Amino acid sequence: MSSTDSVITIADPYRLGHRGPNLARGHGGGGPATIRVIVGYGFWLFLLSDIVIFACLFATYAVLAPNTSGGPGARQIFDLDRVAWETACLLASSFCCGLATIAVARRNQILTQAALLVTGLLGLAFILLEVSEFTALYRQGDGPTRSAFLTGFFTLVGCHGMHVTAGLLWLGTMMAQFFAKGFRPDIGRRFLCFSMFWHFLDVVWVAIFSLVYLVGTRL
Amino acid sequence: MPMFSWTALASCLLIVAAFPVLTATLAMLTLDRYLGFHFFTNTAGGSPMMFFNLIWAWGHPEVYILVLPAFGIYSEVVSTFSGKPLFGYRSMVAATLFICIVSFCVWLHHFFTMGAGGDVNAVFGIASSVIAVGTGVKIYNWLFTMYGGRVRFATPMLWAMGFMVTFVTGGLTGVLLAVPPADFLLHNSMFLVAHFHHVIVSGVVFAVLAGIDYWWPKAFGYRLDPRWGKAAFWFGLVGFYVTFMPMYVVGILGMTRRLQHYDVAAWYPWLLAAGIGVIILAVGGACQVIQLVVSYRRREALRDTTGDPWNGRTLEWATSSPPPPFNFAVLPQVKETEHYWEVKQRAFEQARLSEEPDYKPIEMPRNSPTGFVCAFFATLIGFALIWHIWWLMIVGLLGAYATFVVFAWRDVPEYIIPADEVAKLDRARRAARQQILTTGEVEWQ
């Protein structure tokens with residue numbers, strides 16, 4: 001490990017991205033930030049752009065929510081018990097993702113794999129609950145084509161669900177990479193991005209839980 | 001930071017904030033059309049006007065995504081060919097970021113006639129007028145940069161000057177359209193068509209052509225032929241006016257856009273003039289293409305040996321033309337706004353270059369075709385969706401994902417340029433610079 005570090009130091013005279021974490025203060029002094037900071041910052045920008053997509057979906061849902069067009073409204077179709085279980089699964093999954101971050105920092109392969117596996121299983125449970133909600137609605141004729149309200153609902157919540165599904169694919173890849181390549185710095189940076197993504201999905205879910213389900217059943 | 005970097009930064013901020021809106025809107029439209037959803041439909045509670053709100057919430061920032069980098073190009077060109085630092089650097093940065101923010105507050109002016117009501121229209125009308133202030137600041141800065149300077153009329157500078165005159169008048173018709181009562185008369189008329197071509201062509205197209213001429217030697221190592229470039233400019237400028245000015249007139253005469261045919265005799269002379277203008281524009285376009293061919297053939301005569309063909313002021317002109325893959329052998333320590341200009345003047349005063357640095361190996365990211373291959377598969381997905389070829393869509397999806405996973409599995413993301421090679425390339429650059437200093441006189445193009 002130390003030998004590769006010294007090679008990198010020689011190959012990178014300006015230490016672009018190979019500086020210690022304490023030198024760059026973000027005020028021009030200390031030179032360019034570390035690669036870890038740059039990668040994390042870039043992923044924050046991606047998350048911000050993703051938030052804009054969700055913002056559009058939230059806005060259209062808010063506009064379309066009263067337009068039930070003779071179909072069911074939020075009160076009739078939302079089952080808060082199921083939603084509570086979904087929320088519990090997703091938040092617990094994020095907690096396990098945090099445990100995985102600690103395991104990665106300690107370079108512990110078994111703990112890392114175990115924590116990531118539980119993270120993924122809880123995420124999968126969330127997805128299965130959501131699929132059961134969607135199929136039940138669809139079977140009783142209240143699919144997304146029924147009314148503008150259901151269109152907005154299925155798209156907003158479904159978009160979050162698709163993100164979780166994509167996150168599960170990513171999670172599997174991360175586990176495989178840790179297993180096959182070990183705790184390399186570049187794999188660690190990818191895991192940093194993954195954990196940001198996974199926590200970000202929680203934040204979006206909290207907004208969906210509050211603005212769609214809670215507000216919907218109180219109206 | 002050079003002004004082009006500032007405008008590129010502002011443009012990228014807008015891209016990150018605005019393009020997800022387009023992504024979401026297109027996704028909704030696709031769901032409507034392919035799966036029978038009700039976002040924008042007239043039935044089941046959908047809202048067609050929501051489509052216009054969403055598409056222009058992206059679409060108006062988009063015109064500033066186009067024009068802000070163009071403003072950066074003009075700033076570099078005007079400063080270089082006037083032989084002066086850019087006037088009002090800080091106000092230029094402020095105006096750029098002001099435009100960046102306000103561009104998100106004006107989208108409704110694309111449909112004042114929707115019926116949102118007088119109050120809403122007033123807010124967006126005022127915002128649309130206010131955004132012109134930022135552009136006005138920039139125009140004055142460019143004018144004052146030229147004032148008192150030793151202006152060289154090279155091709156990029158001609159485009160920049162043509163832009164200044166043309167863009168101001170085009171902007172004024174925009175301020176007119178930003179007034180809701182006037183817009184009710186002019187909405188969807190040829191006046192509008194004339195307006196946005198007026199600003200986009202003079203703002204963006206002129207800038208792209210100026211930028212190509214200005215940075216071509218940096219990118220490819222030889223200048224573009226100035227005679228064909230100037231011919232392209234004059235045909236382009238005259239052709240532009242002959243084409244688009246008559247459209248204002250027919251717009252006021254009542255012609256709407258997107259007509260398949262018309263039978264109003266009064267419009268005929270103006271449309272004929274516009275047609276002649278198109279021919280002049282086409283000649284200008286041909287000159288532009290001929291310029292590329294002629295320049296490529298005469299590339300030895302037009303060779304840029306120094307790396308600084310225009311007596312430039314910003315750091316890219318410190319490199320050789322074309323630059324080495326690592327750009328700078330030693331990371332420049334920038335202390336002043338025009339770092340390269342100061343270094344150059346010091347070298348001329350002392351009649352010698354700065355000390356040769358201690359060369360070290362440089363780490364470079366490896367090239368990868370991943371982006372190109374993914375884009376190819378994404379194109380397949382789009383094509384398959386349009387023609388409902390579902391198997392091809394699945395092939396595209398799997399192909400794009402597989403390419404991405406293969407890329408993610410890579411082990412060596414970087415390669416190293418050895419110190420010897422860095423030294424060899426940089427010494428060649430220094431030798432070219434040294435020649436300027438020893439021979440004394442330089443003929444800046």
# chains A, B, ... in the order shown; residues from 1 in each chain; ligands from 1
call {"tool": "closest_atom_pairs", "arguments": {"of": "chain A", "to": "chain B", "cutoff": "9 Å", "atoms": "only C-alpha atoms", "output": "Markdown table"}}
result
| residue | atom | partner | partner_atom | distance |
| --- | --- | --- | --- | --- |
| A:Ile8 | CA | B:Glu363 | CA | 8.0 |
| A:Ile10 | CA | B:Pro361 | CA | 6.9 |
| A:Ala11 | CA | B:Pro361 | CA | 4.9 |
| A:Asp12 | CA | B:Ile362 | CA | 5.3 |
| A:Pro13 | CA | B:Lys360 | CA | 6.0 |
| A:Tyr14 | CA | B:Leu331 | CA | 6.9 |
| A:Leu16 | CA | B:Glu363 | CA | 9.0 |
| A:Leu45 | CA | B:Val16 | CA | 7.5 |
| A:Phe46 | CA | B:Val16 | CA | 7.9 |
| A:Leu48 | CA | B:Val16 | CA | 7.9 |
| A:Ser49 | CA | B:Val16 | CA | 5.6 |
| A:Asp50 | CA | B:Pro20 | CA | 6.9 |
| A:Ile51 | CA | B:Pro20 | CA | 8.5 |
| A:Val52 | CA | B:Pro20 | CA | 5.9 |
| A:Ile53 | CA | B:Pro20 | CA | 5.1 |
| A:Phe54 | CA | B:Ala24 | CA | 8.1 |
| A:Ala55 | CA | B:Val21 | CA | 8.6 |
| A:Cys56 | CA | B:Val21 | CA | 6.4 |
| A:Leu57 | CA | B:Ala24 | CA | 7.2 |
| A:Thr60 | CA | B:Met50 | CA | 7.8 |
| A:Val63 | CA | B:Ser47 | CA | 8.6 |
| A:Leu64 | CA | B:Gly46 | CA | 7.0 |
| A:Pro66 | CA | B:Gly45 | CA | 8.6 |
| A:Asn67 | CA | B:Gly45 | CA | 4.9 |
| A:Thr68 | CA | B:Gly45 | CA | 6.8 |
| A:Ser69 | CA | B:Ala44 | CA | 5.1 |
| A:Gly70 | CA | B:Ala44 | CA | 8.4 |
| A:Pro144 | CA | B:Phe37 | CA | 6.0 |
| A:Thr145 | CA | B:Phe37 | CA | 4.8 |
| A:Arg146 | CA | B:Ala44 | CA | 7.2 |
| A:Ser147 | CA | B:Ala44 | CA | 4.9 |
| A:Ala148 | CA | B:His38 | CA | 4.9 |
| A:Phe149 | CA | B:Gly45 | CA | 7.6 |
| A:Leu150 | CA | B:His38 | CA | 8.6 |
| A:Thr151 | CA | B:Phe37 | CA | 5.6 |
| A:Gly152 | CA | B:Phe39 | CA | 7.2 |
| A:Thr155 | CA | B:Met28 | CA | 8.2 |
| A:Thr173 | CA | B:Val405 | CA | 8.4 |
| A:Gln177 | CA | B:Trp409 | CA | 7.8 |
| A:Lys181 | CA | B:Asp411 | CA | 9.0 |
call {"tool": "write_last_selection", "arguments": {"atoms": "C-alpha atoms", "output": "compact mmCIF listing (two decimals), in the first residue's frame"}}
result
# COMPACT_ATOMS: atom_id res chain seq x y z
CA ILE A 8 1.54 8.07 -7.11
CA ILE A 10 6.10 10.96 -7.79
CA ALA A 11 3.76 10.63 -10.77
CA ASP A 12 1.61 13.52 -9.64
CA PRO A 13 3.94 16.47 -9.06
CA TYR A 14 1.17 18.91 -8.17
CA LEU A 16 -3.72 16.78 -7.80
CA LEU A 45 -24.19 17.70 -8.04
CA PHE A 46 -25.75 14.60 -9.59
CA LEU A 48 -29.05 17.84 -6.82
CA SER A 49 -30.04 17.33 -10.46
CA ASP A 50 -31.98 14.21 -9.43
CA ILE A 51 -33.75 16.29 -6.79
CA VAL A 52 -34.85 18.65 -9.58
CA ILE A 53 -36.47 15.69 -11.37
CA PHE A 54 -38.28 14.72 -8.17
CA ALA A 55 -39.25 18.37 -7.64
CA CYS A 56 -40.97 18.33 -11.06
CA LEU A 57 -42.80 15.13 -10.16
CA THR A 60 -47.11 17.87 -11.09
CA VAL A 63 -51.32 20.07 -9.41
CA LEU A 64 -53.02 16.82 -10.43
CA PRO A 66 -57.40 17.01 -6.82
CA ASN A 67 -58.25 15.76 -10.35
CA THR A 68 -59.63 12.33 -9.46
CA SER A 69 -61.99 12.42 -12.44
CA GLY A 70 -64.64 10.34 -10.69
CA PRO A 144 -52.28 5.05 -13.47
CA THR A 145 -54.55 5.48 -16.51
CA ARG A 146 -57.67 5.81 -14.32
CA SER A 147 -57.24 9.52 -13.46
CA ALA A 148 -54.70 12.34 -13.43
CA PHE A 149 -54.39 11.91 -9.66
CA LEU A 150 -53.38 8.25 -10.06
CA THR A 151 -51.07 9.17 -12.95
CA GLY A 152 -49.20 11.61 -10.72
CA THR A 155 -45.20 8.22 -11.46
CA THR A 173 -22.04 -4.51 -7.90
CA GLN A 177 -16.23 -5.22 -6.16
CA LYS A 181 -10.89 -6.19 -5.55
call {"tool": "select_by_dssp", "arguments": {"residues": "chain A", "states": "alpha helix (DSSP H)", "output": "ChimeraX atom specification"}}
result
/A:2-11,35-64,74-77,80-105,109-139,148-181,185-208,215-218
call {"tool": "residues_around", "arguments": {"residues": "Thr135 in chain B", "least_positions_apart": "5", "cutoff": "12 Å", "atoms": "only C-alpha atoms", "output": "PyMOL selection string"}}
result
chain B and resi 64+67-68+71+91-100+102-103+128-130+140-142+164+167-168+170-172+174-175+199+203
call {"tool": "residues_around", "arguments": {"residues": "Ala136 in chain A", "least_positions_apart": "5", "cutoff": "12 Å", "atoms": "only C-alpha atoms", "output": "PyMOL selection string"}}
result
chain A and resi 77-79+129-131+141-143
call {"tool": "atom_distance", "arguments": {"atom1": "CA of His109 in chain B", "atom2": "CA of Tyr248 in chain B"}}
result
18.9 Å
call {"tool": "closest_residue", "arguments": {"among": "A:Leu99, A:Leu169, A:Ala176, A:Ala105", "to": "Gly188 in chain A", "atoms": "only C-alpha atoms"}}
result
A:Ala105
